[in-house]
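Read the structure below first, then the notes.
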Amino acid sequence: MSERYVLGLQEVDETRVAIVGGKGAHLGALARIDGLRVPAGFCVTTEAFHRVLADAPSIDDRLDQLSRLNPDDREAISTLSADIRRTIEGTRLPHDVAAAITRALTELGEEAAYAVRSSATAEDLPTASFAGQQDTYLNVTGPAAILRHVSRCWASLFTERAVTYRQRNGIDHRAVRMAVVVQKMVFPQAAGVLFTADPVTSNRKVATVEASFGLGEALVSGLVNADAYRVRDGAVIDRAIATKRLAVHALPAGGTQERAIDPERQDQPALTDAQVVRLARLGRRIEAHFGHPQDIEWCLVDDDFQVVQSRPITTLFPIPEAGDGENHVYLSVGHQQMMTDAMKPLGLSMWKMTAMAPMHEAGGRLFVDVTRHLASPASRAGFLEMAGRGDPLTRDALETVIDRGDFVPSLPDQAPPRPPAGGTPAPIETDPAIVAELIERSRASVAALRRDIGTKSGPALFDFLLAAFAEQKRLLSDPRSMQAIMAGMDATWWLNDQLEAWLGEKNAADTLTLSAPHNITSEMGLALLDVADVIRPYPEVVAFLQEVEDESFLDELVKLPGGPEARDAIGAYLDRYGMRCVGEIDITRPRWSERPSTLVPVILDNVRNFEPGESTRRFEQGRQEAAKKERDVLEQLRALPDGQRKADETKRMIDRVRTFIGYREYPKYAIISRYFVYKQALLEEAERLVRAGVLRAKEDIFYLTFAELHDVARTHQADHQLVQRRKDEFRWYQTLTPPRVLTSEGEGIAGTYRRDGVPAGALVGLPVSGGIVEGRARVILDLAEADLGPGDILVTPYTDPSWSPLFVAVEGLVTEVGGLMTHGAVIAREYGLPAVVGVEGATRLIQDGQRIRVHGTDGYVEILL
């Protein structure tokens, strides 16, 4: 065969993706596995495709036009991609290309029937399967027809769905080339798909088989319901035999045809249990060869399985590496930190290095191994109680694992720790001076960090940062700080529990915590109202801000009447809060100081929606509501039996919660303040490395771990291929949804709410801030695209502290992620917003602009229109 244009399957493997595409490379690798049958065939290489594309008229101009189209402009994509397909199909095959294909057919047998399959170079990869994006043609007979269908496969690189897929995934159309696999047809009694991991639960120990009679096309196209089997440890653990009324069969003259299955066979299984187990065993061998769970297409011919395709399953969430063969249960850090997006390697490594607990990474996210907490009955009860208070879905997911009985190991209870010498330490006193002292200590630490880091560069910078990370952990573990945080949280829980028991009132602490002092996150939202007050009197500044497109706008502001005042107000805000941003636990995310345009839509909303002095008015209103609530609660309690004691206890807890609950937000602010100092120093180092020719771009450091970047600074050598591979992985990670709970078998468990009394059709969540509000849903995925009006209800995947400036402009909050004491919940209570968090799929189930009703006390959302 001409190696330039045609290669036999036995000549290729996974290393030849650039020549024969993903499908061809995988088939070649499959053909090399002993004992595995793969239909004979060959690959028409990407070099042949390149020759044809070079001869196609005006193709470069049309590819340029295609790359400029918006992925959502379906009409333009459809028209232009159809034009490109017609051009490719109408381009005559060069004589030497056609001759090479014809020779290969002669060697295999010209009279045989063949399957002609597209095989793109960006296909069947571990991070992108591109399944179904290009075309396959079955039972093609005769050289002329095969040549014609090879051209059709080349053209299918530009189907509307394939073009849109690439545009949405940031893949250059010119970077993808098309090979074509030509294989002898097999005419099976049954065919189907084998997943070596359960595609529903992601469990890597469970294989799933789908089977139907005839060619697998009936199953893949959705023409029939398939038999479904689940296999674990060499045994079928579940089966569902479908009624199969149709099958697809090959026609003698070429092509395929649907045929009715005889009624007496329709309910017969397509495979025996023994065949299913044998097929699953084959799948494990294929999976072991490729090192990833596989999606395998198979055919059964005379009780012998043949494999016609295998690709990675790219929808599975990766598993943290433990390497010990033991069972593990992992808890998502992102669901606790209100940041479920994928993080870049530098962000992951630095959060791990500065966190208070050991963390594991998978899929661009962080997890904590909680197996030991669950294994001991004594620690389990307390851990589940804590998890349930924060997020009932997490507790339910953990209990789901425990209830299986044999997954979590059982460890003996550990003896309780001995009390320290001198007895049990007294709980922290309710003294506002404690919070003031902790805040001042934190401010001084950040100021010292900013001062001392300025002279450091090269390896010395990294040594300095390692010491700074240790100092950060020391500050976070300060017993006084931890006591202050827990005092506020414990007082909140006490008030909610006791006042519901004594007065029948749910979530009373929501009102009692309004306008609590020292809450840096709520102050941040109110301070942006003050910025709007400065800008509002200057119409030219307002008009200018409405047209802002880049980050240099602050320099341009000074040229306008009122511009210097506006710039100073925004600058002062950035000086205090500019280290914040959405997803701020990832140090690589752009901070407000780096991208101040993010705040402009929120500022303009505040200018439009509020009158001057709104921040002072809001804070005072909240303070008065809290004071009135306190008087009412104490008065009701005194009227109860033993009422004075209950009132006195409650008064102590109200004082306690108002003293400490605001501080709950400060340690995160201190961490992110330090992070911004770290980041600025690392970016300065990156600029030096770029100038020295070591790095290609300063943002490349985001795709290296801290240790790897340290090595680059020391050796002045960088692995550019590693950086590119990490970029590709990150794009894949962005497409994945992390589970709340993940097991070492790969199973992601979301948990369910187990509540009665919720109206039919309502979306259930966790009640975190009481009250009922009705309004227009604004589904916002990016803070920079906020456009809020009076009475709107914010619906978003998650809210970390950076979202709090939006809270002043809305009447209610719905999020997909969150818990009782996470930042969004705390600030919703602080602002008196009815809020329901942990509503699975909220941004998908609620449409932007719909009218909804948020039941913040009972924890559900009704869609009204």
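Numbering starts fresh at 1 for the residues of each chain in the structure tokens, the chains themselves are lettered A, B, ... in the order given, and ligands are numbered from 1 as they appear.
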
Show me, as a list in words, the residues that have an atom within 10 Å of Ala18 (chain A) when counting only C-alpha atoms, minus same-chain residues fewer than 3 positions from it.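 Neighbouring residues, sequence-local ones excluded: Glu14, Thr15, Gly21, Gly22, Ala25, Thr45, Thr46, Glu47, Ala120, Thr121, Ala122, Val176, Arg177, Met178 and Ala179 of chain A.
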
Selection to disk with all heavy atoms, as a compact mmCIF listing (two decimals), in the first residue's frame:
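Contents of selection37.txt, as written:
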# COMPACT_ATOMS: atom_id res chain seq x y z
N GLU A 14 -1.87 3.99 18.32
CA GLU A 14 -2.27 5.28 18.91
C GLU A 14 -1.32 6.42 18.58
O GLU A 14 -1.70 7.59 18.72
CB GLU A 14 -2.36 5.16 20.44
CG GLU A 14 -3.29 4.10 20.96
CD GLU A 14 -2.56 2.83 21.36
OE1 GLU A 14 -1.75 2.32 20.55
OE2 GLU A 14 -2.78 2.35 22.47
N THR A 15 -0.10 6.09 18.16
CA THR A 15 0.87 7.15 17.86
C THR A 15 0.63 7.80 16.50
O THR A 15 1.28 8.79 16.18
CB THR A 15 2.31 6.59 17.88
OG1 THR A 15 2.46 5.63 16.82
CG2 THR A 15 2.60 5.91 19.22
N GLY A 21 -6.20 9.70 12.09
CA GLY A 21 -7.32 10.14 12.90
C GLY A 21 -7.52 9.27 14.13
O GLY A 21 -6.90 8.20 14.29
N GLY A 22 -8.40 9.71 15.00
CA GLY A 22 -8.63 9.01 16.26
C GLY A 22 -9.21 7.62 16.07
O GLY A 22 -8.75 6.64 16.68
N ALA A 25 -6.60 5.25 14.45
CA ALA A 25 -5.53 4.91 15.40
C ALA A 25 -6.02 3.90 16.43
O ALA A 25 -5.30 2.95 16.77
CB ALA A 25 -5.03 6.19 16.08
N THR A 45 -5.30 8.22 4.52
CA THR A 45 -4.63 9.11 5.47
C THR A 45 -5.06 10.57 5.32
O THR A 45 -5.67 10.98 4.32
CB THR A 45 -3.11 9.03 5.29
OG1 THR A 45 -2.78 9.59 4.00
CG2 THR A 45 -2.62 7.59 5.38
N THR A 46 -4.66 11.36 6.32
CA THR A 46 -4.93 12.80 6.27
C THR A 46 -4.16 13.48 5.15
O THR A 46 -4.52 14.57 4.72
CB THR A 46 -4.56 13.45 7.62
OG1 THR A 46 -3.19 13.13 7.95
CG2 THR A 46 -5.46 12.95 8.74
N GLU A 47 -3.08 12.84 4.70
CA GLU A 47 -2.33 13.41 3.57
C GLU A 47 -3.20 13.44 2.32
O GLU A 47 -3.15 14.40 1.53
CB GLU A 47 -1.06 12.58 3.34
CG GLU A 47 -0.16 13.11 2.23
CD GLU A 47 0.46 14.47 2.54
OE1 GLU A 47 0.60 14.80 3.74
OE2 GLU A 47 0.79 15.20 1.59
N ALA A 120 -11.50 11.68 12.23
CA ALA A 120 -10.87 12.99 12.33
C ALA A 120 -9.71 12.96 13.32
O ALA A 120 -9.67 12.13 14.24
CB ALA A 120 -11.90 14.04 12.76
N THR A 121 -8.77 13.88 13.16
CA THR A 121 -7.61 13.91 14.06
C THR A 121 -7.99 14.42 15.45
O THR A 121 -7.28 14.14 16.41
CB THR A 121 -6.50 14.79 13.48
OG1 THR A 121 -7.03 16.08 13.16
CG2 THR A 121 -5.90 14.16 12.24
N ALA A 122 -9.07 15.18 15.58
CA ALA A 122 -9.56 15.61 16.91
C ALA A 122 -10.80 14.79 17.22
O ALA A 122 -11.91 15.30 17.27
CB ALA A 122 -9.87 17.10 16.91
N VAL A 176 -7.87 20.54 12.41
CA VAL A 176 -8.46 19.20 12.36
C VAL A 176 -8.41 18.69 10.93
O VAL A 176 -8.83 19.39 10.00
CB VAL A 176 -9.92 19.22 12.87
CG1 VAL A 176 -10.48 17.81 12.89
CG2 VAL A 176 -10.00 19.85 14.25
N ARG A 177 -7.91 17.48 10.78
CA ARG A 177 -7.88 16.86 9.45
C ARG A 177 -8.64 15.55 9.49
O ARG A 177 -8.85 14.98 10.54
CB ARG A 177 -6.44 16.63 8.99
CG ARG A 177 -5.69 17.94 8.73
CD ARG A 177 -4.36 17.67 8.07
NE ARG A 177 -3.67 18.91 7.74
CZ ARG A 177 -2.54 18.96 7.07
NH1 ARG A 177 -1.96 17.83 6.66
NH2 ARG A 177 -1.96 20.11 6.79
N MET A 178 -9.04 15.11 8.31
CA MET A 178 -9.90 13.93 8.24
C MET A 178 -9.19 12.79 7.51
O MET A 178 -8.69 12.95 6.40
CB MET A 178 -11.19 14.28 7.50
CG MET A 178 -12.15 13.11 7.40
SD MET A 178 -12.88 12.68 8.98
CE MET A 178 -14.22 13.87 9.03
N ALA A 179 -9.15 11.66 8.21
CA ALA A 179 -8.78 10.40 7.55
C ALA A 179 -10.07 9.60 7.39
O ALA A 179 -11.13 10.00 7.90
CB ALA A 179 -7.78 9.63 8.41

Taking 6 positions as the minimum chain separation for residues in the same chain, which residues sit within 6 Å of region 792-804 of chain A when counting only C-alpha atoms? Answer as a list in words.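 Once the nearby chain positions are removed, what remains is Met338, Thr521, Gly525, Arg580, Cys581, Val582, Gly775, Arg776, Ala777, Arg778, Val779, Ile780, Leu781, Val810, Glu811, Gly812, Leu813, Val814, Thr815, Glu816, Val817, His823 and Gly824 of chain A.
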
Å distance separating CA of Ala175 (chain A) from CA of Val38 (chain A), one decimal place: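 One can read the CA of Ala175 (chain A) to CA of Val38 (chain A) distance as 29.2 Å.
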
Which residues are close to Leu833 (chain A), i.e. within 12 Å by only C-alpha atoms, leaving aside same-chain residues fewer than 4 positions away? Reply as a ChimeraX atom specification. /A:510-511,514,622,767-774,791-794,804,806-814,824-829,854-857

Show which residues sit within 12 Å of Thr106 (chain A), as a list in words. Count only C-alpha atoms, and ignore same-chain residues fewer than 3 positions away. Met1, Gly41, Phe42, Ala99, Ala100, Ile101, Thr102, Arg103, Gly109, Glu110, Glu111, Ala112, Gly142 and Pro143 of chain A

Excluding Ser515 (chain A) and its own-chain neighbours fewer than 5 positions away, which residues fall within 6 Å of it when counting only C-alpha atoms? Please give them as an NGL selection string. :A and (619 or 622-623 or 830)

With N, CA and C atoms kept, could you save the residues just selected as a short mmCIF file (atom, residue, chain, number, x, y, z; two decimals), in the first residue's frame?
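Okay, this is what ended up in result.cif:
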data_model
loop_
_atom_site.label_atom_id
_atom_site.label_comp_id
_atom_site.auth_asym_id
_atom_site.auth_seq_id
_atom_site.Cartn_x
_atom_site.Cartn_y
_atom_site.Cartn_z
N PHE A 619 -28.50 49.77 55.63
CA PHE A 619 -27.87 49.24 56.84
C PHE A 619 -28.70 49.61 58.07
N GLY A 622 -31.89 47.51 58.27
CA GLY A 622 -31.60 46.16 58.76
C GLY A 622 -31.35 46.14 60.25
N ARG A 623 -30.61 47.12 60.73
CA ARG A 623 -30.32 47.18 62.17
C ARG A 623 -31.60 47.35 62.99
N GLU A 830 -28.03 38.61 55.73
CA GLU A 830 -27.58 39.94 56.11
C GLU A 830 -28.41 41.03 55.42
#

Between A:Ala491, A:Ile485, A:Ala355, A:Leu346, which one has atoms that come closest to Tyr703 (chain A), using only C-alpha atoms?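 Closest residue, counting only C-alpha atoms: A:Leu346.
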
What lies within 12 Å of Ala468 (chain A) using only C-alpha atoms, ignoring chain neighbours under 2 positions off, as a ChimeraX atom specification? /A:350,353-354,445-446,448-450,452-453,461-466,470-475,671,674-675,677-678

Restricting to only C-alpha atoms, whichever of A:Tyr831, A:Phe660, A:Tyr114, A:Phe383 is closest to Leu526 (chain A) is A:Tyr831

So which residues touch Glu385 (chain A) within 12 Å, counting only C-alpha atoms, skipping near sequence neighbours fewer than 3 positions away, as a VMD selection string? chain A and resid 373 to 374 378 to 382 388 to 392 394 to 396 398 to 399

Filtered DSSP result for region 219-433 of chain A, state strand (DSSP E), as a PyMOL selection string: chain A and resi 227-232+235-240+246-250+256-260+294-301+304-312+329-332+360-362+365-369

Between CA of Leu503 (chain A) and CA of Leu640 (chain A), what is the distance in Å, rounded to a tenth?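 These two atoms are separated by 9.1 Å.
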
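Minimum atom-to-atom distances from A:Ala226, A:Leu348, A:Val542, A:Ala144 to Thr588 (chain A) were compared using only C-alpha atoms, and the lowest value belongs to A:Leu348.
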
Using only C-alpha atoms, pick whichever of A:Ala98, A:Val17, A:Ala207, A:Ile77 has the shortest atom-to-atom distance to Arg161 (chain A). A:Ile77

Residues of region 204-322 of chain A at most 10 Å from region 736-755 of chain A: nearest atom pair and distance in Å, only C-alpha atoms, as a tab-separated table:
residue	atom	partner	partner_atom	distance
A:Arg204	CA	A:Glu745	CA	5.4
A:Lys205	CA	A:Glu745	CA	6.3
A:Val206	CA	A:Glu745	CA	9.0
A:Thr314	CA	A:Leu736	CA	9.1
A:Thr315	CA	A:Leu736	CA	6.9
A:Leu316	CA	A:Leu736	CA	7.9
A:Phe317	CA	A:Leu736	CA	6.6
A:Pro318	CA	A:Gly746	CA	7.0
A:Ile319	CA	A:Gly746	CA	5.7
A:Pro320	CA	A:Ser744	CA	7.3
A:Glu321	CA	A:Ser744	CA	8.4
A:Ala322	CA	A:Ser744	CA	8.1
